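> Right, I'll just put the structure down here and ask away after.
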Amino acid sequence: PTGTSVEPRTGAAFPTVLDGGRRLTGIGLRKTSVLGLKNIDVYAFGVYADDSDMKGLRDKYGTFSVSELKENKEFISDVLDQDLRMTVRLQIVYNRLSIGSVRNAFAKTVGSRIQKFSGSDNRELLQRFTSLFKDEFKLPRGSVIDLSREQGYVLQIKISGKEVGEIQSKLLCKSVLDLYFGEDPFDKRAKEDIQSVVFLYKKV
Ligand code: DAO
Ligand code: DAO
Ligand code: DAO
């Protein structure tokens with residue numbers, strides 16, 4: 001069955017199935033504070049995973065309980081490392097987002113993950129990616145950005161359904177997904193929902 005799921009704090013709606021085979025596994029909210037003071041909601045996000053690519057994970061982890069899975073570091077690293085097709089859809093809710101602040105945020109958050117996983121800042125990789133964010137793009141409230149890991153560790157970006165570029169890099173894919181599903185995610189509750197999806201589809 002298809003439908004939509006609504007992120008309750010922003011009202012952003014996410015289709016439960018994307019591009020045929022990608023199923024919504026969890027939704028969450030990315031916030032930030034400005035000058036350490038005011039908290040603003042930047043975007044709501046939905047994490048999608050390709051059904052057929054998830055079969056291996058289901059076979060491996062389907063017998064674990066929710067609490068066992070929560071503490072299972074191997075499960076998280078399997079999701080981050082394996083060549084599974086996934087999409088993180090962002091829906092912008094902040095109405096004054098500039099491309100400059102997207103580039104800065106990206107260099108900070110994704111940059112810290114690249115450093116963590118590779119032990120080096122890989123400035124060239126980060127710049128190859130941020131150079132795709134052209135000044136002429138506009139991201140008003142309601143804009144939809146899809147960040148997808150396609151087969152072969154290709155990170156593809158679409159804005160409002162239009163492809164703006166792609167980069168083949170296992171490290172970059174892992175670093176982006178880690179923001180939503182890693183050790184220190186943007187939204188802890190979203191991560192728990194994503195983890196428990198393995199049980200929804202468990203064969204009985
Ligand atoms: O206006 O300076 C400001 C605050 C903006 C904060 C921006 C955080 C950016 C988060 C990345 C958005 C990615 C689409
Ligand atoms: O929230 O800190 C963060 C990182 C989010 C990744 C955002 C990538 C946005 C790419 C699209 C920009 C298009 C101008
Ligand atoms: O079998 O149809 C299916 C889906 C099973 C999903 C299993 C694991 C989901 C973990 C996804 C994590 C995404 C970040």
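Residues in the structure tokens are named by chain (A, B, ... in the order shown) and by number from 1 within that chain; ligands are numbered from 1 in the order shown.
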Leaving out segment 173-182 of chain A and any residue of its chain fewer than 2 positions from it, which residues lie within 6 Å of it when counting only C-alpha atoms, given as an NGL selection string?
:A and (80 or 110 or 113-114 or 155 or 170-171 or 184-186 or 191)
> Please, could you write that set of residues out with C-alpha atoms as a PDB file, in the first residue's frame?

ATOM      1  CA  LEU A  80      26.767   2.595   5.823  1.00  0.00           C
ATOM      2  CA  VAL A 110      30.084  16.134   5.951  1.00  0.00           C
ATOM      3  CA  ARG A 113      32.621  12.643   8.801  1.00  0.00           C
ATOM      4  CA  ILE A 114      35.137  12.440   5.958  1.00  0.00           C
ATOM      5  CA  LEU A 155      26.161   9.859  -4.840  1.00  0.00           C
ATOM      6  CA  LYS A 170      32.326   5.274  -1.300  1.00  0.00           C
ATOM      7  CA  LEU A 171      33.741   7.628   1.341  1.00  0.00           C
ATOM      8  CA  ASP A 184      25.720  10.956  16.288  1.00  0.00           C
ATOM      9  CA  PRO A 185      22.714  11.474  13.987  1.00  0.00           C
ATOM     10  CA  PHE A 186      20.752  14.711  13.441  1.00  0.00           C
ATOM     11  CA  LYS A 191      17.455   6.680  13.516  1.00  0.00           C
TER      12      LYS A 191
END
> Can you tell me which residues come within 9 Å of ligand 3 when counting only C-alpha atoms and all ligand atoms, ideally as a count of residues only?
43
> Kindly provide, as a count of residues only, all nucleotide and amino acid residues lying within 7 Å of ligand 2, counting only C-alpha atoms and all ligand atoms.
14
> Could I get the residues of chain A with an atom no further than 10 Å from an atom of ligand 1, each paired with its nearest atom pair and that distance in Å to one decimal, using only C-alpha atoms and all ligand atoms, sorted by chain and residue number, as JSON lines?

{"residue": "A:Arg30", "atom": "CA", "partner": "ligand 1", "partner_atom_place_in_ligand_line": "10 (C)", "distance": 7.7}
{"residue": "A:Lys31", "atom": "CA", "partner": "ligand 1", "partner_atom_place_in_ligand_line": "8 (C)", "distance": 7.7}
{"residue": "A:Thr32", "atom": "CA", "partner": "ligand 1", "partner_atom_place_in_ligand_line": "8 (C)", "distance": 6.2}
{"residue": "A:Ser33", "atom": "CA", "partner": "ligand 1", "partner_atom_place_in_ligand_line": "6 (C)", "distance": 7.5}
{"residue": "A:Val34", "atom": "CA", "partner": "ligand 1", "partner_atom_place_in_ligand_line": "4 (C)", "distance": 5.9}
{"residue": "A:Leu35", "atom": "CA", "partner": "ligand 1", "partner_atom_place_in_ligand_line": "2 (O)", "distance": 8.7}
{"residue": "A:Lys38", "atom": "CA", "partner": "ligand 1", "partner_atom_place_in_ligand_line": "4 (C)", "distance": 9.9}
{"residue": "A:Asn39", "atom": "CA", "partner": "ligand 1", "partner_atom_place_in_ligand_line": "4 (C)", "distance": 9.7}
{"residue": "A:Ile40", "atom": "CA", "partner": "ligand 1", "partner_atom_place_in_ligand_line": "6 (C)", "distance": 7.8}
{"residue": "A:Asp41", "atom": "CA", "partner": "ligand 1", "partner_atom_place_in_ligand_line": "6 (C)", "distance": 8.8}
{"residue": "A:Val42", "atom": "CA", "partner": "ligand 1", "partner_atom_place_in_ligand_line": "10 (C)", "distance": 6.1}
{"residue": "A:Tyr43", "atom": "CA", "partner": "ligand 1", "partner_atom_place_in_ligand_line": "12 (C)", "distance": 7.0}
{"residue": "A:Ala44", "atom": "CA", "partner": "ligand 1", "partner_atom_place_in_ligand_line": "14 (C)", "distance": 9.8}
{"residue": "A:Leu90", "atom": "CA", "partner": "ligand 1", "partner_atom_place_in_ligand_line": "14 (C)", "distance": 7.0}
{"residue": "A:Gln91", "atom": "CA", "partner": "ligand 1", "partner_atom_place_in_ligand_line": "14 (C)", "distance": 8.2}
{"residue": "A:Ile92", "atom": "CA", "partner": "ligand 1", "partner_atom_place_in_ligand_line": "14 (C)", "distance": 6.8}
{"residue": "A:Val93", "atom": "CA", "partner": "ligand 1", "partner_atom_place_in_ligand_line": "14 (C)", "distance": 9.8}
{"residue": "A:Tyr94", "atom": "CA", "partner": "ligand 1", "partner_atom_place_in_ligand_line": "5 (C)", "distance": 8.0}
{"residue": "A:Asn95", "atom": "CA", "partner": "ligand 1", "partner_atom_place_in_ligand_line": "1 (O)", "distance": 9.0}
{"residue": "A:Arg96", "atom": "CA", "partner": "ligand 1", "partner_atom_place_in_ligand_line": "1 (O)", "distance": 6.2}
{"residue": "A:Leu97", "atom": "CA", "partner": "ligand 1", "partner_atom_place_in_ligand_line": "5 (C)", "distance": 5.8}
{"residue": "A:Ser98", "atom": "CA", "partner": "ligand 1", "partner_atom_place_in_ligand_line": "1 (O)", "distance": 7.0}
{"residue": "A:Ile99", "atom": "CA", "partner": "ligand 1", "partner_atom_place_in_ligand_line": "14 (C)", "distance": 8.4}
{"residue": "A:Gly100", "atom": "CA", "partner": "ligand 1", "partner_atom_place_in_ligand_line": "2 (O)", "distance": 8.8}
{"residue": "A:Ser101", "atom": "CA", "partner": "ligand 1", "partner_atom_place_in_ligand_line": "7 (C)", "distance": 5.2}
{"residue": "A:Val102", "atom": "CA", "partner": "ligand 1", "partner_atom_place_in_ligand_line": "11 (C)", "distance": 4.4}
{"residue": "A:Arg103", "atom": "CA", "partner": "ligand 1", "partner_atom_place_in_ligand_line": "11 (C)", "distance": 7.5}
{"residue": "A:Asn104", "atom": "CA", "partner": "ligand 1", "partner_atom_place_in_ligand_line": "9 (C)", "distance": 7.5}
{"residue": "A:Ala105", "atom": "CA", "partner": "ligand 1", "partner_atom_place_in_ligand_line": "9 (C)", "distance": 5.0}
{"residue": "A:Phe106", "atom": "CA", "partner": "ligand 1", "partner_atom_place_in_ligand_line": "11 (C)", "distance": 6.3}
{"residue": "A:Ala107", "atom": "CA", "partner": "ligand 1", "partner_atom_place_in_ligand_line": "11 (C)", "distance": 9.7}
{"residue": "A:Lys108", "atom": "CA", "partner": "ligand 1", "partner_atom_place_in_ligand_line": "11 (C)", "distance": 9.8}
{"residue": "A:Thr109", "atom": "CA", "partner": "ligand 1", "partner_atom_place_in_ligand_line": "11 (C)", "distance": 8.8}
{"residue": "A:Leu139", "atom": "CA", "partner": "ligand 1", "partner_atom_place_in_ligand_line": "14 (C)", "distance": 8.0}
{"residue": "A:Ser143", "atom": "CA", "partner": "ligand 1", "partner_atom_place_in_ligand_line": "14 (C)", "distance": 9.2}
{"residue": "A:Val144", "atom": "CA", "partner": "ligand 1", "partner_atom_place_in_ligand_line": "14 (C)", "distance": 9.0}
{"residue": "A:Ile145", "atom": "CA", "partner": "ligand 1", "partner_atom_place_in_ligand_line": "14 (C)", "distance": 7.3}
{"residue": "A:Asp146", "atom": "CA", "partner": "ligand 1", "partner_atom_place_in_ligand_line": "14 (C)", "distance": 9.9}
> May I have all residues of segment 3-203 of chain A that DSSP, computed from the backbone, assigns to strand (DSSP E), given as an mmCIF file with N, CA and C atoms, in the first residue's frame?

data_model
loop_
_atom_site.group_PDB
_atom_site.id
_atom_site.type_symbol
_atom_site.label_atom_id
_atom_site.label_comp_id
_atom_site.auth_asym_id
_atom_site.auth_seq_id
_atom_site.Cartn_x
_atom_site.Cartn_y
_atom_site.Cartn_z
ATOM 1 N N THR A 4 1.296 8.602 2.313
ATOM 2 C CA THR A 4 2.324 9.537 2.743
ATOM 3 C C THR A 4 2.470 9.478 4.245
ATOM 4 N N SER A 5 3.618 9.937 4.707
ATOM 5 C CA SER A 5 3.919 9.998 6.121
ATOM 6 C C SER A 5 4.312 11.445 6.413
ATOM 7 N N VAL A 6 3.776 12.006 7.503
ATOM 8 C CA VAL A 6 3.992 13.427 7.772
ATOM 9 C C VAL A 6 4.939 13.626 8.949
ATOM 10 N N ALA A 13 5.319 16.347 4.141
ATOM 11 C CA ALA A 13 4.786 15.023 3.804
ATOM 12 C C ALA A 13 5.762 14.258 2.911
ATOM 13 N N PHE A 14 5.940 12.981 3.211
ATOM 14 C CA PHE A 14 6.845 12.127 2.442
ATOM 15 C C PHE A 14 6.073 10.931 1.888
ATOM 16 N N PRO A 15 6.199 10.675 0.570
ATOM 17 C CA PRO A 15 5.561 9.470 0.038
ATOM 18 C C PRO A 15 6.192 8.230 0.668
ATOM 19 N N VAL A 17 6.586 5.358 -0.682
ATOM 20 C CA VAL A 17 7.408 4.646 -1.661
ATOM 21 C C VAL A 17 7.922 5.646 -2.696
ATOM 22 N N LEU A 18 9.188 5.507 -3.065
ATOM 23 C CA LEU A 18 9.831 6.423 -4.005
ATOM 24 C C LEU A 18 10.410 5.612 -5.161
ATOM 25 N N ARG A 22 11.889 2.042 -3.609
ATOM 26 C CA ARG A 22 12.479 2.555 -2.361
ATOM 27 C C ARG A 22 11.410 2.863 -1.341
ATOM 28 N N ARG A 23 11.569 2.267 -0.175
ATOM 29 C CA ARG A 23 10.553 2.353 0.853
ATOM 30 C C ARG A 23 11.021 3.274 1.984
ATOM 31 N N LEU A 24 10.089 4.101 2.475
ATOM 32 C CA LEU A 24 10.395 5.019 3.567
ATOM 33 C C LEU A 24 10.673 4.240 4.847
ATOM 34 N N THR A 25 11.830 4.498 5.471
ATOM 35 C CA THR A 25 12.169 3.770 6.693
ATOM 36 C C THR A 25 12.096 4.660 7.936
ATOM 37 N N GLY A 26 12.157 5.977 7.763
ATOM 38 C CA GLY A 26 12.084 6.857 8.925
ATOM 39 C C GLY A 26 12.094 8.308 8.487
ATOM 40 N N ILE A 27 11.524 9.194 9.334
ATOM 41 C CA ILE A 27 11.546 10.620 9.025
ATOM 42 C C ILE A 27 12.077 11.391 10.218
ATOM 43 N N GLY A 28 12.664 12.551 9.965
ATOM 44 C CA GLY A 28 13.240 13.327 11.055
ATOM 45 C C GLY A 28 13.395 14.786 10.694
ATOM 46 N N LEU A 29 14.039 15.518 11.589
ATOM 47 C CA LEU A 29 14.153 16.960 11.453
ATOM 48 C C LEU A 29 15.597 17.387 11.697
ATOM 49 N N ARG A 30 16.107 18.239 10.812
ATOM 50 C CA ARG A 30 17.444 18.817 10.976
ATOM 51 C C ARG A 30 17.274 20.243 11.469
ATOM 52 N N LYS A 31 17.805 20.491 12.679
ATOM 53 C CA LYS A 31 17.723 21.827 13.251
ATOM 54 C C LYS A 31 19.112 22.413 13.372
ATOM 55 N N THR A 32 19.177 23.682 13.593
ATOM 56 C CA THR A 32 20.459 24.286 13.914
ATOM 57 C C THR A 32 20.209 25.478 14.812
ATOM 58 N N SER A 33 21.268 25.961 15.477
ATOM 59 C CA SER A 33 21.085 27.177 16.250
ATOM 60 C C SER A 33 21.897 28.286 15.586
ATOM 61 N N VAL A 34 21.341 29.461 15.591
ATOM 62 C CA VAL A 34 21.998 30.617 14.988
ATOM 63 C C VAL A 34 22.663 31.418 16.100
ATOM 64 N N LYS A 38 19.032 31.180 18.851
ATOM 65 C CA LYS A 38 17.727 30.756 18.368
ATOM 66 C C LYS A 38 17.812 29.416 17.648
ATOM 67 N N ASN A 39 16.908 28.501 17.994
ATOM 68 C CA ASN A 39 16.853 27.229 17.294
ATOM 69 C C ASN A 39 15.974 27.348 16.072
ATOM 70 N N ILE A 40 16.503 26.973 14.901
ATOM 71 C CA ILE A 40 15.635 26.994 13.730
ATOM 72 C C ILE A 40 15.555 25.597 13.101
ATOM 73 N N ASP A 41 14.379 25.307 12.535
ATOM 74 C CA ASP A 41 14.199 24.075 11.771
ATOM 75 C C ASP A 41 14.700 24.348 10.358
ATOM 76 N N VAL A 42 15.636 23.542 9.885
ATOM 77 C CA VAL A 42 16.202 23.784 8.549
ATOM 78 C C VAL A 42 15.496 22.930 7.496
ATOM 79 N N TYR A 43 15.456 21.616 7.725
ATOM 80 C CA TYR A 43 14.708 20.766 6.793
ATOM 81 C C TYR A 43 14.200 19.518 7.498
ATOM 82 N N ALA A 44 13.112 18.970 6.950
ATOM 83 C CA ALA A 44 12.641 17.659 7.369
ATOM 84 C C ALA A 44 13.264 16.659 6.405
ATOM 85 N N PHE A 45 13.497 15.432 6.878
ATOM 86 C CA PHE A 45 14.081 14.448 5.954
ATOM 87 C C PHE A 45 13.402 13.089 6.080
ATOM 88 N N GLY A 46 13.455 12.346 4.975
ATOM 89 C CA GLY A 46 12.969 10.975 4.957
ATOM 90 C C GLY A 46 14.067 10.085 4.408
ATOM 91 N N VAL A 47 14.281 8.939 5.048
ATOM 92 C CA VAL A 47 15.310 7.997 4.601
ATOM 93 C C VAL A 47 14.627 6.808 3.927
ATOM 94 N N TYR A 48 15.021 6.530 2.692
ATOM 95 C CA TYR A 48 14.430 5.453 1.895
ATOM 96 C C TYR A 48 15.485 4.392 1.593
ATOM 97 N N ALA A 49 15.062 3.144 1.580
ATOM 98 C CA ALA A 49 15.982 2.053 1.252
ATOM 99 C C ALA A 49 15.329 1.155 0.205
ATOM 100 N N ASP A 50 16.126 0.729 -0.753
ATOM 101 C CA ASP A 50 15.621 -0.146 -1.816
ATOM 102 C C ASP A 50 15.286 -1.539 -1.260
ATOM 103 N N MET A 86 19.970 3.721 -1.637
ATOM 104 C CA MET A 86 19.214 4.461 -0.622
ATOM 105 C C MET A 86 19.032 5.903 -1.064
ATOM 106 N N THR A 87 17.994 6.547 -0.538
ATOM 107 C CA THR A 87 17.792 7.976 -0.820
ATOM 108 C C THR A 87 17.454 8.685 0.479
ATOM 109 N N VAL A 88 18.094 9.836 0.709
ATOM 110 C CA VAL A 88 17.650 10.723 1.781
ATOM 111 C C VAL A 88 16.996 11.925 1.094
ATOM 112 N N ARG A 89 15.704 12.080 1.326
ATOM 113 C CA ARG A 89 14.981 13.232 0.756
ATOM 114 C C ARG A 89 14.904 14.352 1.785
ATOM 115 N N LEU A 90 15.354 15.544 1.389
ATOM 116 C CA LEU A 90 15.284 16.706 2.270
ATOM 117 C C LEU A 90 14.180 17.636 1.778
ATOM 118 N N GLN A 91 13.359 18.116 2.693
ATOM 119 C CA GLN A 91 12.376 19.151 2.338
ATOM 120 C C GLN A 91 12.674 20.380 3.164
ATOM 121 N N ILE A 92 13.032 21.432 2.447
ATOM 122 C CA ILE A 92 13.444 22.659 3.131
ATOM 123 C C ILE A 92 12.246 23.309 3.832
ATOM 124 N N VAL A 144 12.656 20.457 -2.622
ATOM 125 C CA VAL A 144 12.942 19.050 -2.329
ATOM 126 C C VAL A 144 14.299 18.678 -2.914
ATOM 127 N N ILE A 145 15.189 18.163 -2.078
ATOM 128 C CA ILE A 145 16.508 17.714 -2.526
ATOM 129 C C ILE A 145 16.615 16.218 -2.260
ATOM 130 N N ASP A 146 16.965 15.453 -3.292
ATOM 131 C CA ASP A 146 17.186 14.018 -3.095
ATOM 132 C C ASP A 146 18.680 13.718 -3.164
ATOM 133 N N LEU A 147 19.194 13.135 -2.093
ATOM 134 C CA LEU A 147 20.584 12.666 -2.064
ATOM 135 C C LEU A 147 20.514 11.146 -2.137
ATOM 136 N N SER A 148 20.985 10.568 -3.241
ATOM 137 C CA SER A 148 20.842 9.125 -3.398
ATOM 138 C C SER A 148 22.178 8.429 -3.536
ATOM 139 N N ARG A 149 22.260 7.266 -2.905
ATOM 140 C CA ARG A 149 23.394 6.386 -3.176
ATOM 141 C C ARG A 149 22.920 5.389 -4.223
ATOM 142 N N GLU A 150 23.485 5.496 -5.438
ATOM 143 C CA GLU A 150 23.126 4.587 -6.511
ATOM 144 C C GLU A 150 24.167 3.476 -6.571
ATOM 145 N N VAL A 154 27.659 5.626 -6.151
ATOM 146 C CA VAL A 154 27.524 6.917 -6.823
ATOM 147 C C VAL A 154 26.566 7.773 -6.006
ATOM 148 N N LEU A 155 27.033 8.936 -5.550
ATOM 149 C CA LEU A 155 26.161 9.859 -4.840
ATOM 150 C C LEU A 155 25.559 10.815 -5.862
ATOM 151 N N GLN A 156 24.238 10.783 -5.957
ATOM 152 C CA GLN A 156 23.546 11.588 -6.958
ATOM 153 C C GLN A 156 22.665 12.623 -6.260
ATOM 154 N N ILE A 157 22.643 13.840 -6.806
ATOM 155 C CA ILE A 157 21.837 14.906 -6.205
ATOM 156 C C ILE A 157 20.793 15.394 -7.189
ATOM 157 N N LYS A 158 19.555 15.483 -6.714
ATOM 158 C CA LYS A 158 18.490 16.074 -7.517
ATOM 159 C C LYS A 158 17.853 17.205 -6.725
ATOM 160 N N ILE A 159 17.563 18.288 -7.421
ATOM 161 C CA ILE A 159 16.788 19.362 -6.803
ATOM 162 C C ILE A 159 15.469 19.441 -7.539
ATOM 163 N N LYS A 162 15.198 17.381 -10.658
ATOM 164 C CA LYS A 162 16.188 17.551 -11.726
ATOM 165 C C LYS A 162 17.585 17.224 -11.234
ATOM 166 N N GLU A 163 18.271 16.355 -11.990
ATOM 167 C CA GLU A 163 19.611 15.969 -11.558
ATOM 168 C C GLU A 163 20.577 17.132 -11.713
ATOM 169 N N VAL A 164 21.337 17.436 -10.634
ATOM 170 C CA VAL A 164 22.325 18.508 -10.732
ATOM 171 C C VAL A 164 23.760 17.985 -10.741
ATOM 172 N N GLY A 165 23.930 16.694 -10.452
ATOM 173 C CA GLY A 165 25.279 16.152 -10.539
ATOM 174 C C GLY A 165 25.415 14.859 -9.771
ATOM 175 N N GLU A 166 26.537 14.151 -10.025
ATOM 176 C CA GLU A 166 26.800 12.931 -9.262
ATOM 177 C C GLU A 166 28.303 12.722 -9.138
ATOM 178 N N ILE A 167 28.681 12.058 -8.054
ATOM 179 C CA ILE A 167 30.086 11.802 -7.771
ATOM 180 C C ILE A 167 30.218 10.367 -7.290
ATOM 181 N N GLN A 168 31.173 9.635 -7.873
ATOM 182 C CA GLN A 168 31.391 8.267 -7.443
ATOM 183 C C GLN A 168 32.412 8.275 -6.313
#
> Counting only C-alpha atoms, which residue out of A:Leu126, A:Asp193, A:Glu74, A:Gln151 sits closest to Lys60 of chain A?
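Ranked by minimum distance to Lys60 of chain A, first place goes to A:Glu74.
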> According to DSSP computed on the backbone, where in segment 78-187 of chain A is there alpha helix (DSSP H)? Give the residues as a VMD selection string.
chain A and resid 78 to 81 99 to 118 123 to 130 170 to 181
> Between atom CA of Arg123 of chain A and atom CA of Leu172 of chain A, measure the distance and give it in Å to one decimal.
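We find that atom CA of Arg123 of chain A and atom CA of Leu172 of chain A lie 11.7 Å from each other.
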